[in-house]
>>> print(open('target.txt').read())   # compact mmCIF, C-alpha atoms
# COMPACT_ATOMS: atom_id res chain seq x y z
CA ARG A 1 126.99 125.63 232.79
CA SER A 2 123.69 123.71 232.61
CA SER A 3 121.92 126.77 233.94
CA ASP A 4 123.49 128.89 231.15
CA LEU A 5 122.24 126.43 228.53
CA SER A 6 118.79 126.41 230.09
CA GLY A 7 118.74 130.19 230.05
CA LYS A 8 119.76 130.33 226.39
CA GLY A 9 117.16 127.70 225.51
CA ALA A 10 114.43 129.61 227.29
CA ALA A 11 115.46 132.84 225.55
CA MET A 12 115.39 131.10 222.14
CA VAL A 13 111.95 129.61 222.79
CA THR A 14 110.70 133.02 223.95
CA ALA A 15 112.08 134.70 220.81
CA VAL A 16 110.50 132.11 218.49
CA ALA A 17 107.19 132.34 220.33
CA TYR A 18 107.26 136.14 220.06
CA ARG A 19 108.04 135.97 216.32
CA LEU A 20 105.24 133.47 215.70
CA ALA A 21 102.81 135.57 217.72
CA GLU A 22 103.79 138.66 215.72
CA GLN A 23 103.35 136.79 212.43
CA HIS A 24 99.94 135.55 213.58
CA ARG A 25 98.94 139.11 214.53
CA GLN A 26 99.98 140.40 211.10
CA ILE A 27 98.08 137.61 209.33
CA VAL A 28 94.92 138.26 211.35
CA GLU A 29 95.22 142.01 210.74
CA THR A 30 95.63 141.49 206.99
CA LEU A 31 92.77 139.00 206.70
CA GLU A 32 90.42 141.28 208.66
CA GLU A 33 90.11 143.37 205.49
CA PHE A 34 88.51 140.35 203.76
CA SER A 35 86.07 139.55 206.57
CA LEU A 36 82.60 141.06 206.40
CA SER A 37 80.29 141.35 209.38
CA HIS A 38 76.73 140.02 209.29
CA GLU A 39 75.47 143.58 208.89
CA GLN A 40 77.81 144.19 205.94
CA LEU A 41 76.68 140.97 204.26
CA LEU A 42 73.05 142.05 204.59
CA GLU A 43 73.97 145.41 203.05
CA VAL A 44 75.70 143.69 200.10
CA LYS A 45 72.60 141.53 199.68
CA GLN A 46 70.40 144.63 199.51
CA ARG A 47 72.72 146.28 196.97
CA MET A 48 72.61 143.13 194.84
CA ARG A 49 68.80 143.15 194.97
CA THR A 50 68.79 146.79 193.84
CA GLU A 51 71.04 145.94 190.87
CA ILE A 52 68.92 142.87 189.98
CA GLU A 53 65.75 144.96 189.87
CA ALA A 54 67.49 147.59 187.72
CA GLY A 55 68.57 144.89 185.26
CA LEU A 56 65.07 143.41 184.96
CA ARG A 57 63.37 146.74 184.22
CA LYS A 58 63.32 148.08 180.68
CA LYS A 59 63.81 151.72 181.67
CA THR A 60 66.90 151.02 183.81
CA ASN A 61 68.46 147.99 182.05
CA ASP A 62 70.61 150.12 179.75
CA LYS A 63 72.56 151.58 182.69
CA ALA A 64 72.37 148.50 184.93
CA THR A 65 75.65 146.75 185.76
CA VAL A 66 73.98 143.38 186.51
CA LYS A 67 72.38 142.93 183.09
CA MET A 68 69.88 140.12 183.90
CA LEU A 69 70.00 138.76 180.36
CA PRO A 70 67.05 136.63 179.14
CA ALA A 71 68.32 133.18 178.11
CA PHE A 72 65.17 132.20 176.13
CA VAL A 73 65.08 128.91 178.04
CA ARG A 74 61.45 128.61 179.13
CA SER A 75 61.54 125.41 181.20
CA THR A 76 63.84 122.86 182.80
CA PRO A 77 64.19 119.23 181.55
CA ASP A 78 61.29 116.84 182.22
CA GLY A 79 63.01 113.52 181.42
CA SER A 80 61.48 113.05 177.96
CA GLU A 81 64.65 114.27 176.19
CA ASN A 82 66.13 111.71 173.79
CA GLY A 83 68.78 111.55 171.07
CA ASP A 84 72.44 112.20 170.21
CA PHE A 85 73.81 115.73 170.51
CA LEU A 86 77.07 117.59 170.17
CA ALA A 87 78.03 120.16 172.78
CA LEU A 88 80.71 122.85 172.80
CA ASP A 89 81.95 124.43 176.00
CA LEU A 90 83.97 127.65 175.70
CA GLY A 91 84.55 129.62 178.86
CA GLY A 92 88.25 129.73 179.70
CA THR A 93 91.68 128.71 178.52
CA ASN A 94 90.37 125.23 177.69
CA PHE A 95 87.66 124.29 175.21
CA ARG A 96 85.61 121.07 175.39
CA VAL A 97 83.81 119.21 172.61
CA LEU A 98 81.34 116.54 173.70
CA LEU A 99 79.09 113.89 172.23
CA VAL A 100 76.09 113.39 174.52
CA LYS A 101 73.75 110.42 174.11
CA ILE A 102 70.48 110.83 176.02
CA ARG A 103 68.04 107.97 176.38
CA SER A 104 64.57 108.47 177.90
CA GLY A 105 62.04 105.99 179.26
CA LYS A 106 62.50 103.40 182.01
CA ARG A 107 66.20 103.03 181.23
CA ARG A 108 66.87 106.74 181.23
CA SER A 109 70.57 107.43 180.84
CA VAL A 110 73.14 110.00 179.74
CA GLU A 111 76.36 108.86 178.08
CA MET A 112 79.10 111.41 177.39
CA HIS A 113 82.33 111.36 175.39
CA ASN A 114 84.56 114.44 175.34
CA LYS A 115 87.97 115.86 174.50
CA ILE A 116 89.60 118.95 175.96
CA TYR A 117 91.54 121.34 173.75
CA ALA A 118 93.77 124.23 174.82
CA ILE A 119 93.24 127.75 173.55
CA PRO A 120 96.67 129.42 173.21
CA VAL A 121 97.01 132.96 174.54
CA ASP A 122 97.80 134.32 171.06
CA ILE A 123 94.44 132.93 169.89
CA MET A 124 92.61 134.41 172.93
CA VAL A 125 93.90 137.90 172.09
CA GLY A 126 94.12 137.56 168.28
CA THR A 127 91.31 138.05 165.77
CA GLY A 128 87.81 136.67 166.04
CA GLU A 129 88.30 134.74 162.79
CA GLU A 130 91.41 133.05 164.21
CA LEU A 131 89.55 132.13 167.40
CA PHE A 132 86.58 130.55 165.63
CA ASP A 133 88.81 128.82 163.08
CA HIS A 134 90.65 127.24 166.02
CA ILE A 135 87.33 126.15 167.57
CA VAL A 136 86.19 124.63 164.28
CA HIS A 137 89.55 122.83 163.94
CA CYS A 138 88.98 121.28 167.39
CA ILE A 139 85.44 120.23 166.44
CA SER A 140 86.76 118.60 163.25
CA ASP A 141 89.38 116.68 165.23
CA PHE A 142 86.71 115.45 167.68
CA LEU A 143 84.37 114.33 164.89
CA ASP A 144 87.23 112.34 163.37
CA TYR A 145 88.09 110.93 166.80
CA MET A 146 84.50 109.74 167.34
CA GLY A 147 84.02 108.63 163.72
CA ILE A 148 80.89 110.77 163.23
CA LYS A 149 81.99 113.43 160.75
CA GLY A 150 79.28 112.40 158.26
CA ALA A 151 76.40 112.90 160.72
CA ARG A 152 74.66 116.30 160.88
CA LEU A 153 73.94 116.36 164.62
CA PRO A 154 72.16 119.09 166.60
CA LEU A 155 74.66 121.18 168.54
CA GLY A 156 74.40 123.20 171.74
CA PHE A 157 77.00 125.92 172.32
CA THR A 158 77.89 126.76 175.92
CA PHE A 159 79.47 130.20 175.64
CA SER A 160 80.46 131.56 179.05
CA PHE A 161 80.68 135.27 178.26
CA PRO A 162 78.09 138.06 178.51
CA CYS A 163 75.73 137.79 175.53
CA LYS A 164 72.50 139.54 174.70
CA GLN A 165 70.31 136.80 173.27
CA THR A 166 67.58 137.59 170.78
CA SER A 167 66.51 133.95 170.48
CA LEU A 168 67.63 130.52 171.69
CA ASP A 169 70.15 130.22 168.84
CA ALA A 170 71.45 133.80 168.60
CA GLY A 171 73.69 135.67 171.04
CA ILE A 172 75.47 139.00 170.61
CA LEU A 173 78.70 139.22 172.60
CA LEU A 174 78.55 142.27 174.86
CA ASN A 175 82.13 142.15 176.12
CA TRP A 176 84.94 139.68 176.64
CA THR A 177 85.95 138.59 180.14
CA LYS A 178 88.44 136.11 181.70
CA GLY A 179 91.45 137.23 179.66
CA PHE A 180 89.89 137.01 176.18
CA LYS A 181 90.38 139.98 173.85
CA ALA A 182 89.80 138.56 170.35
CA THR A 183 89.00 141.41 167.97
CA ASP A 184 85.88 141.88 165.84
CA CYS A 185 83.71 139.80 168.18
CA GLU A 186 82.09 142.25 170.59
CA GLY A 187 78.76 143.36 169.18
CA GLU A 188 78.60 140.33 166.88
CA ASP A 189 76.44 137.19 166.96
CA VAL A 190 78.84 134.43 168.04
CA VAL A 191 76.59 131.71 166.60
CA THR A 192 76.89 133.35 163.18
CA MET A 193 80.67 133.52 163.66
CA LEU A 194 80.75 129.80 164.45
CA ARG A 195 78.61 128.96 161.40
CA GLU A 196 80.91 131.08 159.21
CA GLY A 197 83.95 129.26 160.61
CA ILE A 198 82.36 125.90 159.74
CA LYS A 199 81.65 127.14 156.20
CA ARG A 200 85.25 128.31 155.75
CA ARG A 201 86.57 124.85 156.61
CA GLU A 202 84.17 123.04 154.22
CA ASP A 203 84.76 119.82 156.11
CA PHE A 204 81.51 119.07 157.97
CA ASP A 205 78.10 120.55 158.79
CA LEU A 206 76.21 120.93 162.07
CA ASP A 207 72.78 122.16 163.16
CA ILE A 208 73.44 124.78 165.85
CA VAL A 209 70.18 124.83 167.82
CA ALA A 210 71.07 126.68 171.04
CA ILE A 211 73.58 128.95 172.72
CA VAL A 212 73.57 129.04 176.51
CA ASN A 213 75.71 130.48 179.26
CA ASP A 214 77.58 127.96 181.44
CA THR A 215 75.39 128.86 184.42
CA VAL A 216 72.30 127.96 182.38
CA GLY A 217 73.93 124.69 181.30
CA THR A 218 74.78 123.91 184.92
CA MET A 219 71.21 124.54 186.05
CA MET A 220 69.76 122.42 183.22
CA THR A 221 72.14 119.53 183.94
CA CYS A 222 71.22 119.48 187.62
CA ALA A 223 67.51 119.88 186.84
CA TYR A 224 67.68 116.75 184.65
CA GLU A 225 68.52 114.81 187.84
CA ASP A 226 66.46 116.94 190.27
CA PRO A 227 63.41 118.80 188.89
CA ASN A 228 63.47 121.10 191.94
CA CYS A 229 66.70 122.73 190.76
CA GLU A 230 66.02 126.23 189.41
CA VAL A 231 69.34 128.00 190.10
CA GLY A 232 72.74 127.68 188.45
CA LEU A 233 75.92 128.97 190.10
CA ILE A 234 79.48 129.08 188.78
CA VAL A 235 82.52 129.91 190.91
CA GLY A 236 85.40 128.77 188.72
CA THR A 237 87.62 130.73 186.34
CA GLY A 238 84.93 133.40 186.61
CA SER A 239 81.69 133.66 188.55
CA ASN A 240 78.05 134.01 187.55
CA ALA A 241 74.54 132.83 188.40
CA CYS A 242 71.19 132.19 186.72
CA TYR A 243 67.68 131.28 187.85
CA MET A 244 64.13 130.78 186.60
CA GLU A 245 62.19 134.07 186.77
CA GLU A 246 58.48 134.81 186.33
CA MET A 247 57.90 136.37 182.89
CA ARG A 248 55.83 139.18 184.42
CA ASN A 249 59.08 140.44 185.99
CA VAL A 250 61.13 140.22 182.77
CA GLU A 251 60.42 143.53 181.07
CA MET A 252 63.10 143.05 178.37
CA VAL A 253 61.02 140.32 176.65
CA GLU A 254 57.42 140.62 175.45
CA GLY A 255 54.79 138.56 177.26
CA ASP A 256 54.03 137.86 180.90
CA GLN A 257 52.99 134.18 180.85
CA GLY A 258 55.19 131.40 182.19
CA ARG A 259 58.82 131.70 183.18
CA MET A 260 62.24 132.24 181.63
CA CYS A 261 65.79 131.56 182.74
CA ILE A 262 67.73 134.75 183.49
CA ASN A 263 71.50 134.87 183.06
CA MET A 264 72.40 137.41 185.73
CA GLU A 265 75.98 138.23 184.66
CA TRP A 266 76.65 139.16 188.28
CA GLY A 267 80.41 139.32 187.72
CA ALA A 268 79.88 142.99 186.85
CA PHE A 269 78.23 143.70 190.23
CA GLY A 270 80.11 146.68 191.66
CA ASP A 271 81.27 148.14 188.34
CA ASN A 272 79.25 151.25 189.21
CA GLY A 273 81.16 151.72 192.48
CA CYS A 274 78.55 150.24 194.82
CA LEU A 275 81.13 147.87 196.37
CA ASP A 276 83.99 150.35 196.66
CA ASP A 277 83.67 150.52 200.46
CA ILE A 278 84.48 146.80 200.85
CA ARG A 279 87.08 146.40 198.09
CA THR A 280 90.60 146.00 199.49
CA ILE A 281 93.82 147.48 198.13
CA TYR A 282 94.55 144.00 196.77
CA ASP A 283 91.24 143.86 194.86
CA LYS A 284 92.00 147.27 193.38
CA ALA A 285 95.52 146.26 192.37
CA VAL A 286 94.28 143.11 190.61
CA ASP A 287 91.64 145.16 188.78
CA ASP A 288 94.12 147.87 187.76
CA LEU A 289 96.51 145.31 186.24
CA SER A 290 93.83 143.27 184.44
CA LEU A 291 93.01 143.38 180.72
CA ASN A 292 89.55 144.85 181.46
CA SER A 293 90.24 147.31 184.27
CA GLY A 294 87.07 148.67 185.87
CA LYS A 295 84.92 145.78 184.66
CA GLN A 296 83.81 142.51 186.30
CA ARG A 297 84.87 143.79 189.73
CA TYR A 298 82.77 141.32 191.75
CA GLU A 299 84.13 138.43 189.67
CA LYS A 300 87.69 139.61 190.33
CA MET A 301 87.01 139.61 194.08
CA ILE A 302 85.85 135.98 194.30
CA SER A 303 86.74 133.84 191.27
CA GLY A 304 89.59 131.45 190.54
CA MET A 305 91.29 133.39 187.77
CA TYR A 306 92.16 136.23 190.15
CA SER A 307 92.46 134.57 193.59
CA ALA A 308 96.06 133.43 193.04
CA GLU A 309 97.15 136.99 192.20
CA ILE A 310 95.42 138.28 195.34
CA GLY A 311 97.31 135.64 197.30
CA ARG A 312 100.61 136.65 195.67
CA LEU A 313 100.02 140.30 196.57
CA LEU A 314 99.25 139.31 200.16
CA ALA A 315 102.50 137.35 200.38
>>> encode(input="target.txt", output="structure tokens")
Amino acid sequence: RSSDLSGKGAAMVTAVAYRLAEQHRQIVETLEEFSLSHEQLLEVKQRMRTEIEAGLRKKTNDKATVKMLPAFVRSTPDGSENGDFLALDLGGTNFRVLLVKIRSGKRRSVEMHNKIYAIPVDIMVGTGEELFDHIVHCISDFLDYMGIKGARLPLGFTFSFPCKQTSLDAGILLNWTKGFKATDCEGEDVVTMLREGIKRREDFDLDIVAIVNDTVGTMMTCAYEDPNCEVGLIVGTGSNACYMEEMRNVEMVEGDQGRMCINMEWGAFGDNGCLDDIRTIYDKAVDDLSLNSGKQRYEKMISGMYSAEIGRLLA
């Protein structure tokens, strides 16, 4: 009888081991689609370089997928910055309003106070006026919270969507990403829309001095601590990068002296099909079911907003 039990036990262990081995084989086989060889990575690097150069050149920028947008930021912080500032951060389903107090000199410091506000889905996909009225409502609440509604502070607007900037305080929205679809915004200056929202409320006034992409804000924040920092990288809800470029290579802006920060908008890398040979069936399914099918394909392959859906499809 003991030999029978031993035989059954051995058979059970063998069956479990076989099942686990088969599951492991299936997992490895599935994940192989997401693994790129060193040679493939070098090829992707070369394709990215090609798209970068197309975005920087005036004659090819119009058709370039990686737009290489000038940010009109000509230098990184040098430590002499001083004063109280408001900051807005819009780039996903949450919206932050901050009061930033910067002190220069020997006791250089940065003190921040902030509140986070949700942006409901119906606001994300409603009208542009509804979206900016909601933003202004959040700003008003924060000013009350901090007791500074009477002060006309300078404001920096971190707006994490593709914008063509014509100056430091003007940015035309090229297209929404990350689930936003608010109407009557694309092709419009979002700084003007914010100013109009503030006027409609008739509750406070602000001096909007700059609009920057979140990658640019990330680079500037790090550069305040480390002057060697000249690259900003975001891999969060979406993905993007920026860096300081020599003006002689920036054909979309007049002048060739000095440098300027370039907002790459690399989330659109691959929108022209140049990554089709490495996109998996899961990447294609996520893209097909998204609000902006065919756009931001690189972002959909690597960023947080889409990774959970890729995981669900794999399961």
>>> closest_residue(input="target.txt", among="A:Thr177, A:Asn114, A:Ser307, A:Thr60", to="Tyr282 in chain A", atoms="all atoms listed in the file")
A:Ser307
>>> atom_distance(input="target.txt", atom1="CA of Ile148 in chain A", atom2="CA of Asp84 in chain A")
11.1 Å
>>> residues_around(input="target.txt", residues="range 185-202 of chain A", least_positions_apart="6", cutoff="8 Å", atoms="only C-alpha atoms", output="PyMOL selection string")
chain A and resi 128-129+132-133+136+169-176+208+211
>>> atom_distance(input="target.txt", atom1="CA of Ser303 in chain A", atom2="CA of Gly236 in chain A")
5.8 Å
>>> residues_near_point(input="target.txt", point="(93.1, 139.5, 182.3)", cutoff="7 Å", atoms="all atoms listed in the file", output="list of chain:residue names")
A:Lys178, A:Gly179, A:Ser290, A:Leu291, A:Asn292
>>> atom_distance(input="target.txt", atom1="CA of Pro227 in chain A", atom2="CA of Gly83 in chain A")
20.0 Å
>>> closest_residue(input="target.txt", among="A:Gln257, A:Thr14, A:Asn272, A:Asn249", to="Glu53 in chain A", atoms="all atoms listed in the file")
A:Asn249
>>> closest_residue(input="target.txt", among="A:Asp287, A:Glu32, A:Asp271, A:Glu251", to="Lys59 in chain A", atoms="all atoms listed in the file")
A:Glu251
>>> closest_residue(input="target.txt", among="A:Glu111, A:Asp203, A:Glu51, A:Asp78", to="His137 in chain A", atoms="only C-alpha atoms")
A:Asp203
>>> residues_near_point(input="target.txt", point="(97.5, 133.9, 175.7)", cutoff="10 Å", atoms="all atoms listed in the file", output="VMD selection string")
chain A and resid 93 119 to 126 179 to 181
>>> residues_around(input="target.txt", residues="Leu206 in chain A", least_positions_apart="5", cutoff="7 Å", atoms="all atoms listed in the file", output="VMD selection string")
chain A and resid 152 to 155
>>> closest_residue(input="target.txt", among="A:Glu81, A:Glu230, A:Asp283, A:Glu22", to="Cys261 in chain A", atoms="all atoms listed in the file")
A:Glu230
>>> residues_around(input="target.txt", residues="Asn61 in chain A", least_positions_apart="2", cutoff="12 Å", atoms="only C-alpha atoms", output="ChimeraX atom specification")
/A:50-59,63-70,164,250-253,264
